[in-house]
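S.K.: Next comes input_34.cif, mmCIF, C-alpha atoms:
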data_input
loop_
_atom_site.group_PDB
_atom_site.id
_atom_site.type_symbol
_atom_site.label_atom_id
_atom_site.label_comp_id
_atom_site.auth_asym_id
_atom_site.auth_seq_id
_atom_site.Cartn_x
_atom_site.Cartn_y
_atom_site.Cartn_z
ATOM 1 C CA MET A 1 -51.247 50.616 54.110
ATOM 2 C CA LYS A 2 -48.507 47.995 53.962
ATOM 3 C CA THR A 3 -45.212 49.502 52.849
ATOM 4 C CA TYR A 4 -41.790 48.230 51.896
ATOM 5 C CA ASN A 5 -40.459 49.490 55.213
ATOM 6 C CA SER A 6 -41.630 46.133 56.573
ATOM 7 C CA ASN A 7 -39.812 44.128 53.887
ATOM 8 C CA HIS A 8 -36.086 43.506 54.307
ATOM 9 C CA ALA A 9 -35.551 41.426 51.173
ATOM 10 C CA TRP A 10 -35.438 44.351 48.756
ATOM 11 C CA LYS A 11 -32.947 46.178 50.989
ATOM 12 C CA GLU A 12 -30.652 43.140 51.050
ATOM 13 C CA LEU A 13 -30.953 42.717 47.291
ATOM 14 C CA ASN A 14 -30.249 46.408 46.780
ATOM 15 C CA GLU A 15 -26.882 46.001 48.496
ATOM 16 C CA LEU A 16 -25.912 43.327 45.959
ATOM 17 C CA LEU A 17 -26.526 45.533 42.927
ATOM 18 C CA PRO A 18 -23.720 47.426 41.158
ATOM 19 C CA GLU A 19 -23.010 50.680 42.978
ATOM 20 C CA LYS A 20 -24.522 52.925 40.288
ATOM 21 C CA PHE A 21 -27.785 50.946 40.370
ATOM 22 C CA LYS A 22 -28.314 50.895 44.136
ATOM 23 C CA MET A 23 -31.386 52.782 45.325
ATOM 24 C CA LYS A 24 -30.399 55.619 47.633
ATOM 25 C CA ALA A 25 -32.329 56.520 50.768
ATOM 26 C CA ASP A 26 -33.045 59.994 49.421
ATOM 27 C CA ASN A 27 -34.479 58.694 46.121
ATOM 28 C CA LEU A 28 -36.990 56.031 47.083
ATOM 29 C CA PRO A 29 -40.329 55.777 45.244
ATOM 30 C CA VAL A 30 -43.515 57.250 46.676
ATOM 31 C CA GLU A 31 -45.746 54.467 47.993
ATOM 32 C CA GLU A 32 -49.470 54.666 47.245
ATOM 33 C CA VAL A 33 -52.579 52.494 47.225
ATOM 34 C CA TRP A 34 -55.121 52.130 44.438
ATOM 35 C CA THR A 35 -58.391 50.367 45.252
ATOM 36 C CA TRP A 36 -59.469 47.811 42.660
ATOM 37 C CA ASN A 37 -62.368 45.412 43.258
ATOM 38 C CA GLY A 38 -61.945 45.924 46.998
ATOM 39 C CA ASN A 39 -58.211 45.116 46.925
ATOM 40 C CA GLN A 40 -55.581 47.578 48.076
ATOM 41 C CA ILE A 41 -53.177 47.563 45.134
ATOM 42 C CA HIS A 42 -49.749 48.821 46.151
ATOM 43 C CA LEU A 43 -47.983 51.280 43.850
ATOM 44 C CA ASP A 44 -44.330 52.335 43.829
ATOM 45 C CA ARG A 45 -44.217 55.674 42.022
ATOM 46 C CA TYR A 46 -41.641 58.127 40.685
ATOM 47 C CA PRO A 47 -43.912 61.015 39.616
ATOM 48 C CA ASN A 48 -42.847 63.598 37.068
ATOM 49 C CA PRO A 49 -45.554 66.118 36.095
ATOM 50 C CA ASP A 50 -43.458 67.365 33.167
ATOM 51 C CA ALA A 51 -42.744 63.973 31.616
ATOM 52 C CA GLU A 52 -44.147 63.122 28.198
ATOM 53 C CA TYR A 53 -44.183 59.376 28.917
ATOM 54 C CA ARG A 54 -45.317 57.303 31.880
ATOM 55 C CA ILE A 55 -43.773 53.830 32.185
ATOM 56 C CA PHE A 56 -45.945 51.194 33.869
ATOM 57 C CA LEU A 57 -43.915 48.343 35.410
ATOM 58 C CA HIS A 58 -45.270 44.835 35.974
ATOM 59 C CA HIS A 59 -43.391 42.065 37.781
ATOM 60 C CA GLY A 60 -43.328 38.326 37.083
ATOM 61 C CA VAL A 61 -44.198 35.390 39.345
ATOM 62 C CA GLY A 62 -40.918 35.622 41.282
ATOM 63 C CA THR A 63 -40.546 39.383 41.757
ATOM 64 C CA ASN A 64 -42.502 42.474 42.809
ATOM 65 C CA GLY A 65 -42.817 46.132 41.909
ATOM 66 C CA ARG A 66 -40.072 47.357 44.220
ATOM 67 C CA GLN A 67 -37.610 44.886 42.738
ATOM 68 C CA LEU A 68 -38.402 46.220 39.262
ATOM 69 C CA ASN A 69 -37.862 49.790 40.383
ATOM 70 C CA MET A 70 -34.488 48.736 41.778
ATOM 71 C CA ILE A 71 -33.038 47.602 38.441
ATOM 72 C CA PHE A 72 -35.099 49.689 36.020
ATOM 73 C CA GLY A 73 -37.630 52.166 37.346
ATOM 74 C CA HIS A 74 -35.464 54.545 39.344
ATOM 75 C CA LYS A 75 -32.891 54.784 36.548
ATOM 76 C CA MET A 76 -35.589 55.589 33.991
ATOM 77 C CA ALA A 77 -36.963 58.201 36.387
ATOM 78 C CA GLU A 78 -33.505 59.791 36.485
ATOM 79 C CA LEU A 79 -33.787 60.177 32.696
ATOM 80 C CA GLY A 80 -36.985 62.174 33.115
ATOM 81 C CA TYR A 81 -39.707 59.551 32.765
ATOM 82 C CA ASP A 82 -42.734 59.266 35.010
ATOM 83 C CA VAL A 83 -42.622 55.715 36.422
ATOM 84 C CA VAL A 84 -45.060 53.589 38.415
ATOM 85 C CA ALA A 85 -44.694 49.941 39.447
ATOM 86 C CA MET A 86 -47.667 47.830 40.513
ATOM 87 C CA ASP A 87 -47.772 44.904 42.929
ATOM 88 C CA ASN A 88 -50.426 42.612 41.491
ATOM 89 C CA LEU A 89 -52.684 40.342 43.554
ATOM 90 C CA GLY A 90 -50.727 38.130 45.951
ATOM 91 C CA TYR A 91 -47.366 39.861 45.513
ATOM 92 C CA GLY A 92 -45.430 42.712 47.091
ATOM 93 C CA MET A 93 -47.326 44.911 49.532
ATOM 94 C CA THR A 94 -50.758 44.598 47.905
ATOM 95 C CA GLU A 95 -53.560 43.617 50.304
ATOM 96 C CA VAL A 96 -55.946 41.123 48.705
ATOM 97 C CA ASN A 97 -59.608 41.112 49.701
ATOM 98 C CA GLN A 98 -61.146 39.061 46.887
ATOM 99 C CA LYS A 99 -61.489 35.296 47.261
ATOM 100 C CA ASP A 100 -60.646 34.153 43.756
ATOM 101 C CA ILE A 101 -57.334 35.154 42.197
ATOM 102 C CA THR A 102 -56.877 34.189 38.569
ATOM 103 C CA TYR A 103 -54.388 35.074 35.862
ATOM 104 C CA ASP A 104 -57.194 36.950 34.139
ATOM 105 C CA SER A 105 -57.548 39.031 37.323
ATOM 106 C CA TRP A 106 -53.916 40.083 36.910
ATOM 107 C CA VAL A 107 -54.441 41.024 33.259
ATOM 108 C CA HIS A 108 -57.503 43.174 33.900
ATOM 109 C CA CYS A 109 -56.178 44.723 37.106
ATOM 110 C CA PHE A 110 -53.152 45.995 35.198
ATOM 111 C CA ALA A 111 -55.143 47.079 32.136
ATOM 112 C CA ASP A 112 -57.712 48.890 34.276
ATOM 113 C CA PHE A 113 -54.942 50.719 36.120
ATOM 114 C CA VAL A 114 -53.225 51.898 32.937
ATOM 115 C CA ASN A 115 -56.552 53.048 31.450
ATOM 116 C CA MET A 116 -57.476 54.885 34.661
ATOM 117 C CA GLU A 117 -54.090 56.589 34.964
ATOM 118 C CA THR A 118 -54.024 57.651 31.332
ATOM 119 C CA LYS A 119 -57.490 59.201 31.582
ATOM 120 C CA ARG A 120 -56.518 60.966 34.818
ATOM 121 C CA ASP A 121 -53.256 62.305 33.401
ATOM 122 C CA PRO A 122 -52.903 61.743 29.636
ATOM 123 C CA LYS A 123 -49.201 61.032 29.404
ATOM 124 C CA LYS A 124 -48.152 58.578 26.711
ATOM 125 C CA ALA A 125 -48.151 55.063 28.153
ATOM 126 C CA VAL A 126 -45.332 52.524 27.832
ATOM 127 C CA LEU A 127 -45.452 49.124 29.547
ATOM 128 C CA TYR A 128 -42.450 47.254 30.943
ATOM 129 C CA GLY A 129 -42.690 43.640 32.067
ATOM 130 C CA LEU A 130 -40.039 41.394 33.594
ATOM 131 C CA SER A 131 -40.294 37.619 33.163
ATOM 132 C CA ALA A 132 -43.987 36.602 33.161
ATOM 133 C CA GLY A 133 -44.693 40.330 33.348
ATOM 134 C CA GLY A 134 -43.764 40.581 29.675
ATOM 135 C CA MET A 135 -46.764 38.563 28.533
ATOM 136 C CA ILE A 136 -48.935 40.218 31.189
ATOM 137 C CA CYS A 137 -48.096 43.493 29.429
ATOM 138 C CA TYR A 138 -48.995 42.017 26.043
ATOM 139 C CA ASN A 139 -52.278 40.533 27.284
ATOM 140 C CA ALA A 140 -53.211 43.691 29.189
ATOM 141 C CA ALA A 141 -52.361 45.800 26.127
ATOM 142 C CA CYS A 142 -55.221 44.087 24.311
ATOM 143 C CA PHE A 143 -57.580 45.880 26.732
ATOM 144 C CA ILE A 144 -55.748 49.224 26.982
ATOM 145 C CA ASP A 145 -57.204 52.156 25.059
ATOM 146 C CA ASN A 146 -54.112 54.263 24.340
ATOM 147 C CA LEU A 147 -50.653 52.724 24.290
ATOM 148 C CA SER A 148 -47.353 53.859 22.794
ATOM 149 C CA GLY A 149 -45.087 50.841 23.336
ATOM 150 C CA ILE A 150 -44.217 47.666 25.254
ATOM 151 C CA ILE A 151 -40.830 46.596 26.623
ATOM 152 C CA GLY A 152 -40.408 43.052 27.937
ATOM 153 C CA MET A 153 -37.634 40.853 29.242
ATOM 154 C CA CYS A 154 -39.360 37.870 27.650
ATOM 155 C CA PHE A 155 -42.692 37.133 25.985
ATOM 156 C CA LEU A 156 -43.921 33.588 26.527
ATOM 157 C CA LYS A 157 -47.191 32.315 25.044
ATOM 158 C CA ASN A 158 -48.936 30.781 28.032
ATOM 159 C CA ASP A 159 -50.719 27.890 26.334
ATOM 160 C CA ASP A 160 -47.766 26.766 24.181
ATOM 161 C CA LYS A 161 -46.908 23.267 25.427
ATOM 162 C CA VAL A 162 -43.282 23.546 24.320
ATOM 163 C CA VAL A 163 -42.858 26.775 26.286
ATOM 164 C CA GLY A 164 -44.594 25.215 29.307
ATOM 165 C CA LYS A 165 -42.344 22.154 29.227
ATOM 166 C CA ARG A 166 -39.186 24.274 29.006
ATOM 167 C CA THR A 167 -40.095 26.719 31.792
ATOM 168 C CA ALA A 168 -41.885 24.557 34.394
ATOM 169 C CA LYS A 169 -39.884 22.889 37.165
ATOM 170 C CA TYR A 170 -41.089 19.438 36.164
ATOM 171 C CA GLY A 171 -41.940 20.204 32.556
ATOM 172 C CA SER A 172 -41.939 16.573 31.454
ATOM 173 C CA THR A 173 -44.947 15.920 33.705
ATOM 174 C CA ASN A 174 -47.069 18.798 32.349
ATOM 175 C CA TRP A 175 -49.115 16.361 30.264
ATOM 176 C CA ILE A 176 -50.567 14.855 33.463
ATOM 177 C CA ALA A 177 -50.282 17.846 35.841
ATOM 178 C CA PHE A 178 -52.526 20.034 33.713
ATOM 179 C CA PRO A 179 -55.586 17.712 33.664
ATOM 180 C CA ILE A 180 -55.064 16.951 37.366
ATOM 181 C CA MET A 181 -55.247 20.676 38.189
ATOM 182 C CA ASN A 182 -58.368 21.002 36.078
ATOM 183 C CA PHE A 183 -59.914 18.029 37.913
ATOM 184 C CA PHE A 184 -59.173 19.480 41.366
ATOM 185 C CA ASN A 185 -60.493 22.878 40.259
ATOM 186 C CA SER A 186 -63.781 21.220 39.336
ATOM 187 C CA LEU A 187 -63.929 19.549 42.762
ATOM 188 C CA GLY A 188 -63.802 22.913 44.526
ATOM 189 C CA PHE A 189 -60.076 23.113 45.288
ATOM 190 C CA LYS A 190 -59.464 26.054 42.968
ATOM 191 C CA ARG A 191 -58.377 28.273 45.878
ATOM 192 C CA LEU A 192 -55.825 25.770 47.146
ATOM 193 C CA LYS A 193 -52.527 27.625 47.476
ATOM 194 C CA ILE A 194 -49.370 26.331 45.832
ATOM 195 C CA PRO A 195 -45.862 27.770 46.300
ATOM 196 C CA MET A 196 -44.862 29.192 42.926
ATOM 197 C CA LYS A 197 -41.291 28.064 43.485
ATOM 198 C CA ALA A 198 -42.520 24.465 43.779
ATOM 199 C CA VAL A 199 -43.719 24.369 40.176
ATOM 200 C CA SER A 200 -41.425 26.818 38.342
ATOM 201 C CA LYS A 201 -37.683 27.054 37.740
ATOM 202 C CA MET A 202 -37.343 29.690 40.443
ATOM 203 C CA ASN A 203 -33.783 28.501 41.099
ATOM 204 C CA TYR A 204 -32.923 30.253 37.810
ATOM 205 C CA LEU A 205 -34.473 33.570 38.833
ATOM 206 C CA THR A 206 -31.062 35.227 39.123
ATOM 207 C CA ASN A 207 -27.476 34.147 38.487
ATOM 208 C CA ASN A 208 -26.339 35.748 41.754
ATOM 209 C CA ASP A 209 -26.301 32.968 44.378
ATOM 210 C CA ARG A 210 -26.564 35.295 47.384
ATOM 211 C CA ALA A 211 -29.472 37.145 45.812
ATOM 212 C CA LEU A 212 -31.239 33.887 44.936
ATOM 213 C CA LYS A 213 -31.329 32.841 48.593
ATOM 214 C CA ILE A 214 -32.909 36.180 49.503
ATOM 215 C CA PHE A 215 -35.519 35.870 46.752
ATOM 216 C CA LEU A 216 -36.475 32.313 47.699
ATOM 217 C CA ASN A 217 -37.130 33.346 51.310
ATOM 218 C CA ASP A 218 -39.203 36.428 50.435
ATOM 219 C CA PRO A 219 -42.994 35.852 50.673
ATOM 220 C CA ALA A 220 -43.504 39.115 48.757
ATOM 221 C CA SER A 221 -41.739 37.721 45.658
ATOM 222 C CA ALA A 222 -40.215 34.301 44.909
ATOM 223 C CA LYS A 223 -41.687 32.616 48.002
ATOM 224 C CA ALA A 224 -45.240 33.744 47.168
ATOM 225 C CA ASP A 225 -48.119 31.267 46.975
ATOM 226 C CA VAL A 226 -50.663 31.252 44.151
ATOM 227 C CA GLN A 227 -54.103 29.678 43.928
ATOM 228 C CA MET A 228 -54.451 26.528 41.844
ATOM 229 C CA GLN A 229 -56.888 28.307 39.523
ATOM 230 C CA PHE A 230 -54.274 31.024 38.907
ATOM 231 C CA LEU A 231 -51.673 28.434 37.983
ATOM 232 C CA TYR A 232 -54.070 26.512 35.732
ATOM 233 C CA GLU A 233 -55.076 29.673 33.875
ATOM 234 C CA TYR A 234 -51.472 30.886 33.751
ATOM 235 C CA MET A 235 -50.649 27.711 31.800
ATOM 236 C CA SER A 236 -53.664 27.831 29.478
ATOM 237 C CA TYR A 237 -54.477 31.511 28.863
ATOM 238 C CA LYS A 238 -55.411 32.280 25.261
ATOM 239 C CA LEU A 239 -54.077 35.531 23.808
ATOM 240 C CA PRO A 240 -56.930 38.078 23.567
ATOM 241 C CA ILE A 241 -55.420 39.162 20.238
ATOM 242 C CA PRO A 242 -53.255 36.642 18.306
ATOM 243 C CA VAL A 243 -49.756 37.911 17.601
ATOM 244 C CA ASN A 244 -50.341 37.956 13.840
ATOM 245 C CA GLU A 245 -53.186 40.441 14.418
ATOM 246 C CA PHE A 246 -51.571 42.573 17.147
ATOM 247 C CA ASP A 247 -50.596 45.997 15.821
ATOM 248 C CA LYS A 248 -51.450 48.299 18.732
ATOM 249 C CA CYS A 249 -47.873 49.484 19.298
ATOM 250 C CA PRO A 250 -44.179 48.650 18.754
ATOM 251 C CA ILE A 251 -42.571 46.075 21.052
ATOM 252 C CA LEU A 252 -39.009 45.795 22.356
ATOM 253 C CA LEU A 253 -37.622 42.522 23.715
ATOM 254 C CA THR A 254 -34.616 43.062 25.995
ATOM 255 C CA GLN A 255 -33.266 39.524 26.290
ATOM 256 C CA PRO A 256 -30.715 38.625 29.004
ATOM 257 C CA MET A 257 -28.191 36.426 27.223
ATOM 258 C CA GLU A 258 -27.321 34.335 30.310
ATOM 259 C CA ASP A 259 -30.980 33.642 31.130
ATOM 260 C CA LYS A 260 -31.195 29.977 32.204
ATOM 261 C CA TRP A 261 -34.988 30.066 32.618
ATOM 262 C CA THR A 262 -36.446 31.749 29.536
ATOM 263 C CA PRO A 263 -33.915 31.709 26.667
ATOM 264 C CA LEU A 264 -34.371 33.816 23.552
ATOM 265 C CA GLU A 265 -35.761 31.033 21.355
ATOM 266 C CA LEU A 266 -38.880 30.735 23.545
ATOM 267 C CA SER A 267 -39.791 34.400 23.056
ATOM 268 C CA GLU A 268 -39.025 34.127 19.349
ATOM 269 C CA ARG A 269 -41.326 31.115 19.141
ATOM 270 C CA SER A 270 -44.103 32.869 21.079
ATOM 271 C CA MET A 271 -43.951 36.089 19.037
ATOM 272 C CA LYS A 272 -43.339 34.543 15.611
ATOM 273 C CA GLY A 273 -45.326 36.341 12.932
ATOM 274 C CA ILE A 274 -46.257 39.323 15.107
ATOM 275 C CA LYS A 275 -47.793 42.138 13.093
ATOM 276 C CA ALA A 276 -46.489 45.012 15.231
ATOM 277 C CA PRO A 277 -42.887 46.276 14.869
ATOM 278 C CA PHE A 278 -40.805 43.914 17.012
ATOM 279 C CA THR A 279 -37.183 44.601 17.987
ATOM 280 C CA ILE A 280 -34.777 42.376 19.936
ATOM 281 C CA LYS A 281 -31.854 43.703 21.965
ATOM 282 C CA HIS A 282 -29.381 41.517 23.860
ATOM 283 C CA LEU A 283 -28.326 42.164 27.464
ATOM 284 C CA ASP A 284 -24.787 40.823 27.579
ATOM 285 C CA GLY A 285 -23.866 38.638 30.549
ATOM 286 C CA ALA A 286 -27.216 39.201 32.261
ATOM 287 C CA GLY A 287 -29.383 36.644 34.044
ATOM 288 C CA HIS A 288 -33.164 36.275 34.191
ATOM 289 C CA TYR A 289 -33.478 38.963 36.885
ATOM 290 C CA PRO A 290 -30.488 40.968 35.667
ATOM 291 C CA MET A 291 -28.097 42.171 38.369
ATOM 292 C CA GLU A 292 -24.989 42.436 36.194
ATOM 293 C CA GLU A 293 -23.738 45.975 35.515
ATOM 294 C CA LYS A 294 -23.240 45.763 31.754
ATOM 295 C CA GLY A 295 -26.612 44.128 31.175
ATOM 296 C CA LEU A 296 -28.384 46.686 33.353
ATOM 297 C CA GLU A 297 -26.685 49.571 31.558
ATOM 298 C CA GLN A 298 -27.811 48.119 28.231
ATOM 299 C CA LEU A 299 -31.362 47.655 29.536
ATOM 300 C CA ILE A 300 -31.608 51.362 30.350
ATOM 301 C CA GLU A 301 -29.890 52.456 27.142
ATOM 302 C CA TYR A 302 -32.054 50.314 24.849
ATOM 303 C CA SER A 303 -35.280 51.170 26.672
ATOM 304 C CA ASP A 304 -34.566 54.902 26.550
ATOM 305 C CA SER A 305 -33.693 54.732 22.844
ATOM 306 C CA PHE A 306 -36.849 52.723 22.121
ATOM 307 C CA ILE A 307 -39.107 55.207 23.879
ATOM 308 C CA ARG A 308 -37.419 58.156 22.166
ATOM 309 C CA SER A 309 -37.974 56.478 18.807
ATOM 310 C CA LEU A 310 -41.726 56.335 19.478
ATOM 311 C CA ALA A 311 -41.946 60.105 19.183
ATOM 312 C CA LYS A 312 -40.447 60.142 15.675
#
Let me see the structure of the file written as structure tokens.

M.R.:
Amino acid sequence: MKTYNSNHAWKELNELLPEKFKMKADNLPVEEVWTWNGNQIHLDRYPNPDAEYRIFLHHGVGTNGRQLNMIFGHKMAELGYDVVAMDNLGYGMTEVNQKDITYDSWVHCFADFVNMETKRDPKKAVLYGLSAGGMICYNAACFIDNLSGIIGMCFLKNDDKVVGKRTAKYGSTNWIAFPIMNFFNSLGFKRLKIPMKAVSKMNYLTNNDRALKIFLNDPASAKADVQMQFLYEYMSYKLPIPVNEFDKCPILLTQPMEDKWTPLELSERSMKGIKAPFTIKHLDGAGHYPMEEKGLEQLIEYSDSFIRSLAK
């Protein structure tokens, strides 16, 4: 099993966090593997047998499960929640054995895991997604049997051309890039690997310059490659349940207010008309991957309050 002992990036990033948010050596998550479709899916877990809620963490296209536990998971575990972060296909310490990796694979891998865990140990399930992980949580929720709530840092409708233009690295060329990708997919180049940082605004992943350099050189997060078919589907995925019909659970948007990649108006556009209860909370002074103390404190406070409200 690959573990985060072999990855130095998260340790370097950890040192750049505010002191109260740094992971300590005596409080690291338990590393496990879950086999899904022949892949060895890496899990970073803070187990709590007595917890009422289990929080399932999903990263975006520039982060991994350990990096989510650093800013969110271990602090929620300190509050008494059971927490588990997944590394999806191609990211973190997960070992991929399937040939085709699509966005739909990510959605169903996560949904299958939540369903399996909840049947094994019926704690109430809450999803947390950072960046693209927010909409992964929404899409996966459409296939999850029992769900109490969703927390996301942003929720971006994949096939919205305005959202795509604003978030892609060369958004003005999306009108030609999209059909070109479709053409190459049809020619058999669907497994061609593309650096995610080459096509996305990965330079806005965090507002901490030292941390950004670490991210961009980490193959387990912001330096990861994705298959062309993943990228094509990521840009065109249709919501399994339209937002105006989605009422499976309440949703909390925790929006970093200094996010230069996915500003608030894009999530508001994507979730306009949603049927489920939808609350927005601002993280003051925080960037896309928040490393700022006030924003991180607010993230934990708002998330804890949201989950507690679910029991009322």

S.K.: Check which residues satisfy the PyMOL selection byres ((chain A and resi 67-74) around 10) in the file shown, then give them as a ChimeraX atom specification.

M.R.: /A:9-11,13-14,17-18,21-24,27-29,44-46,55-60,62-66,75-86,92,128-130,221,289-293,296-297,299-300,303

S.K.: List as a list in words the residues having at least one atom at most 10 Å from position (-51.7, 40.7, 30.5) as given in the file, counting all atoms listed in the file.

M.R.: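 Answer for this query, in the requested form: His58, Tyr103, Asp104, Ser105, Trp106, Val107, His108, Cys109, Phe110, Ala111, Gly129, Ala132, Gly133, Gly134, Met135, Ile136, Cys137, Tyr138, Asn139, Ala140, Ala141, Cys142, Phe143, Tyr237, Leu239 and Pro240 of chain A.
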
S.K.: (-54.8, 31.4, 25.1) in this file's frame - what residues fall within 10 Å of it? Use only C-alpha atoms and give the answer as a count of residues only.

M.R.: 15

S.K.: May I ask for the distance between atom CA of Asn217 of chain A and atom CA of Val30 of chain A, given in Å to one decimal place?

M.R.: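 Separation of atom CA of Asn217 of chain A and atom CA of Val30 of chain A: 25.2 Å.
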
S.K.: Determine the residue set returned by the PyMOL selection byres ((chain A and resi 191) around 7) for the present structure, and present it as a count of residues only.

M.R.: 8

S.K.: Which one is closest to Leu253 of chain A: A:Asn48, A:Leu266, A:Ile280, A:Val162? Count all atoms listed in the file.

M.R.: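 Closest to Leu253 of chain A of all the choices is A:Ile280.
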
S.K.: In Å, rounded to a single decimal, give me how far atom CA of Gln255 of chain A is from atom CA of Phe278 of chain A.

M.R.: 12.7 Å

S.K.: Applying 10 Å and all atoms listed in the file, which residues near Gln298 of chain A remain after dropping the ones on its own chain fewer than 3 positions away? List them as an mmCIF file with C-alpha atoms, in the coordinates of the input.

M.R.:
data_model
loop_
_atom_site.group_PDB
_atom_site.id
_atom_site.type_symbol
_atom_site.label_atom_id
_atom_site.label_comp_id
_atom_site.auth_asym_id
_atom_site.auth_seq_id
_atom_site.Cartn_x
_atom_site.Cartn_y
_atom_site.Cartn_z
ATOM 1 C CA THR A 254 -34.616 43.062 25.995
ATOM 2 C CA PRO A 256 -30.715 38.625 29.004
ATOM 3 C CA LYS A 281 -31.854 43.703 21.965
ATOM 4 C CA HIS A 282 -29.381 41.517 23.860
ATOM 5 C CA LEU A 283 -28.326 42.164 27.464
ATOM 6 C CA ASP A 284 -24.787 40.823 27.579
ATOM 7 C CA ALA A 286 -27.216 39.201 32.261
ATOM 8 C CA GLU A 293 -23.738 45.975 35.515
ATOM 9 C CA LYS A 294 -23.240 45.763 31.754
ATOM 10 C CA GLY A 295 -26.612 44.128 31.175
ATOM 11 C CA GLU A 301 -29.890 52.456 27.142
ATOM 12 C CA TYR A 302 -32.054 50.314 24.849
ATOM 13 C CA SER A 303 -35.280 51.170 26.672
ATOM 14 C CA ASP A 304 -34.566 54.902 26.550
#

S.K.: Please write as a PyMOL selection string the full residue list that the PyMOL selection byres ((chain A and resi 204-209) around 9) yields on this file.

M.R.: chain A and resi 16+62-63+201-203+210-215+222+258-261+286-292

S.K.: If you keep C-alpha atoms, can you produce a file of those selected residues as a compact mmCIF listing (two decimals), in the coordinates of the input?

M.R.:
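Saved result, selection-v8.txt, follows:
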# COMPACT_ATOMS: atom_id res chain seq x y z
CA LEU A 16 -25.91 43.33 45.96
CA GLY A 62 -40.92 35.62 41.28
CA THR A 63 -40.55 39.38 41.76
CA LYS A 201 -37.68 27.05 37.74
CA MET A 202 -37.34 29.69 40.44
CA ASN A 203 -33.78 28.50 41.10
CA ARG A 210 -26.56 35.30 47.38
CA ALA A 211 -29.47 37.15 45.81
CA LEU A 212 -31.24 33.89 44.94
CA LYS A 213 -31.33 32.84 48.59
CA ILE A 214 -32.91 36.18 49.50
CA PHE A 215 -35.52 35.87 46.75
CA ALA A 222 -40.22 34.30 44.91
CA GLU A 258 -27.32 34.34 30.31
CA ASP A 259 -30.98 33.64 31.13
CA LYS A 260 -31.20 29.98 32.20
CA TRP A 261 -34.99 30.07 32.62
CA ALA A 286 -27.22 39.20 32.26
CA GLY A 287 -29.38 36.64 34.04
CA HIS A 288 -33.16 36.28 34.19
CA TYR A 289 -33.48 38.96 36.88
CA PRO A 290 -30.49 40.97 35.67
CA MET A 291 -28.10 42.17 38.37
CA GLU A 292 -24.99 42.44 36.19

S.K.: For segment 138-154 of chain A, what centre and edge lengths in Å (one decimal) does the axis-aligned box get once 8 Å is added on each side of all its listed atoms, as JSON?

M.R.:
{"center_x": -47.6, "center_y": 46.1, "center_z": 26.0, "size_x": 35.9, "size_y": 32.4, "size_z": 22.4}

S.K.: Between A:Met196, A:Ala51, A:Met1, A:Val96, single out the one closest to Asn37 of chain A, counting only C-alpha atoms.

M.R.: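 Going through A:Met196, A:Ala51, A:Met1, A:Val96 one by one, the smallest distance to Asn37 of chain A is for A:Val96.
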
S.K.: Using all atoms listed in the file, which of A:Thr118, A:Thr167, A:Thr35, A:Asn5 sits nearest Met93 of chain A?

M.R.: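 Of A:Thr118, A:Thr167, A:Thr35, A:Asn5, the one nearest Met93 of chain A is A:Asn5, counting all atoms listed in the file.
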
S.K.: Measure the distance from atom CA of Glu52 of chain A to atom CA of Lys248 of chain A in Å and round it to one decimal.

M.R.: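 Between atom CA of Glu52 of chain A and atom CA of Lys248 of chain A the gap works out to 19.0 Å.
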
S.K.: Contacts of Asn39 of chain A at 8 Å or less, counting all atoms listed in the file, minus same-chain residues fewer than 5 places along, as number ranges by chain?

M.R.: A: 94-98

S.K.: With distances taken over only C-alpha atoms, which of A:Leu156, A:Met271, A:Ile151, A:Val226 is nearest to Ser305 of chain A?

M.R.: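 Among the listed residues, the smallest separation from Ser305 of chain A belongs to A:Ile151.
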
S.K.: Which residue gives the smallest distance to Asn244 of chain A among A:Gly149, A:Pro195, A:Gly273, A:Pro219, with only C-alpha atoms counted?

M.R.: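 Answer, going by the shortest atom-to-atom distance: A:Gly273.
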
S.K.: Complete the atoms of segment 65-70 of chain A to N, CA, C and O atoms and put them out as a PDB file, in the coordinates of the input.

M.R.:
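Printed below is result_9.pdb as written:
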ATOM      1  N   GLY A  65     -43.017  44.809  42.477  1.00  0.00           N
ATOM      2  CA  GLY A  65     -42.817  46.132  41.909  1.00  0.00           C
ATOM      3  C   GLY A  65     -41.572  46.837  42.406  1.00  0.00           C
ATOM      4  O   GLY A  65     -40.880  47.503  41.622  1.00  0.00           O
ATOM      5  N   ARG A  66     -41.264  46.705  43.673  1.00  0.00           N
ATOM      6  CA  ARG A  66     -40.072  47.357  44.220  1.00  0.00           C
ATOM      7  C   ARG A  66     -38.808  46.795  43.565  1.00  0.00           C
ATOM      8  O   ARG A  66     -37.870  47.537  43.249  1.00  0.00           O
ATOM      9  N   GLN A  67     -38.783  45.506  43.350  1.00  0.00           N
ATOM     10  CA  GLN A  67     -37.610  44.886  42.738  1.00  0.00           C
ATOM     11  C   GLN A  67     -37.429  45.317  41.294  1.00  0.00           C
ATOM     12  O   GLN A  67     -36.301  45.346  40.788  1.00  0.00           O
ATOM     13  N   LEU A  68     -38.519  45.674  40.619  1.00  0.00           N
ATOM     14  CA  LEU A  68     -38.402  46.220  39.262  1.00  0.00           C
ATOM     15  C   LEU A  68     -37.905  47.651  39.293  1.00  0.00           C
ATOM     16  O   LEU A  68     -37.091  48.055  38.447  1.00  0.00           O
ATOM     17  N   ASN A  69     -38.362  48.424  40.252  1.00  0.00           N
ATOM     18  CA  ASN A  69     -37.862  49.790  40.383  1.00  0.00           C
ATOM     19  C   ASN A  69     -36.374  49.810  40.700  1.00  0.00           C
ATOM     20  O   ASN A  69     -35.652  50.730  40.301  1.00  0.00           O
ATOM     21  N   MET A  70     -35.896  48.783  41.406  1.00  0.00           N
ATOM     22  CA  MET A  70     -34.488  48.736  41.778  1.00  0.00           C
ATOM     23  C   MET A  70     -33.571  48.656  40.559  1.00  0.00           C
ATOM     24  O   MET A  70     -32.534  49.328  40.497  1.00  0.00           O
TER      25      MET A  70
END
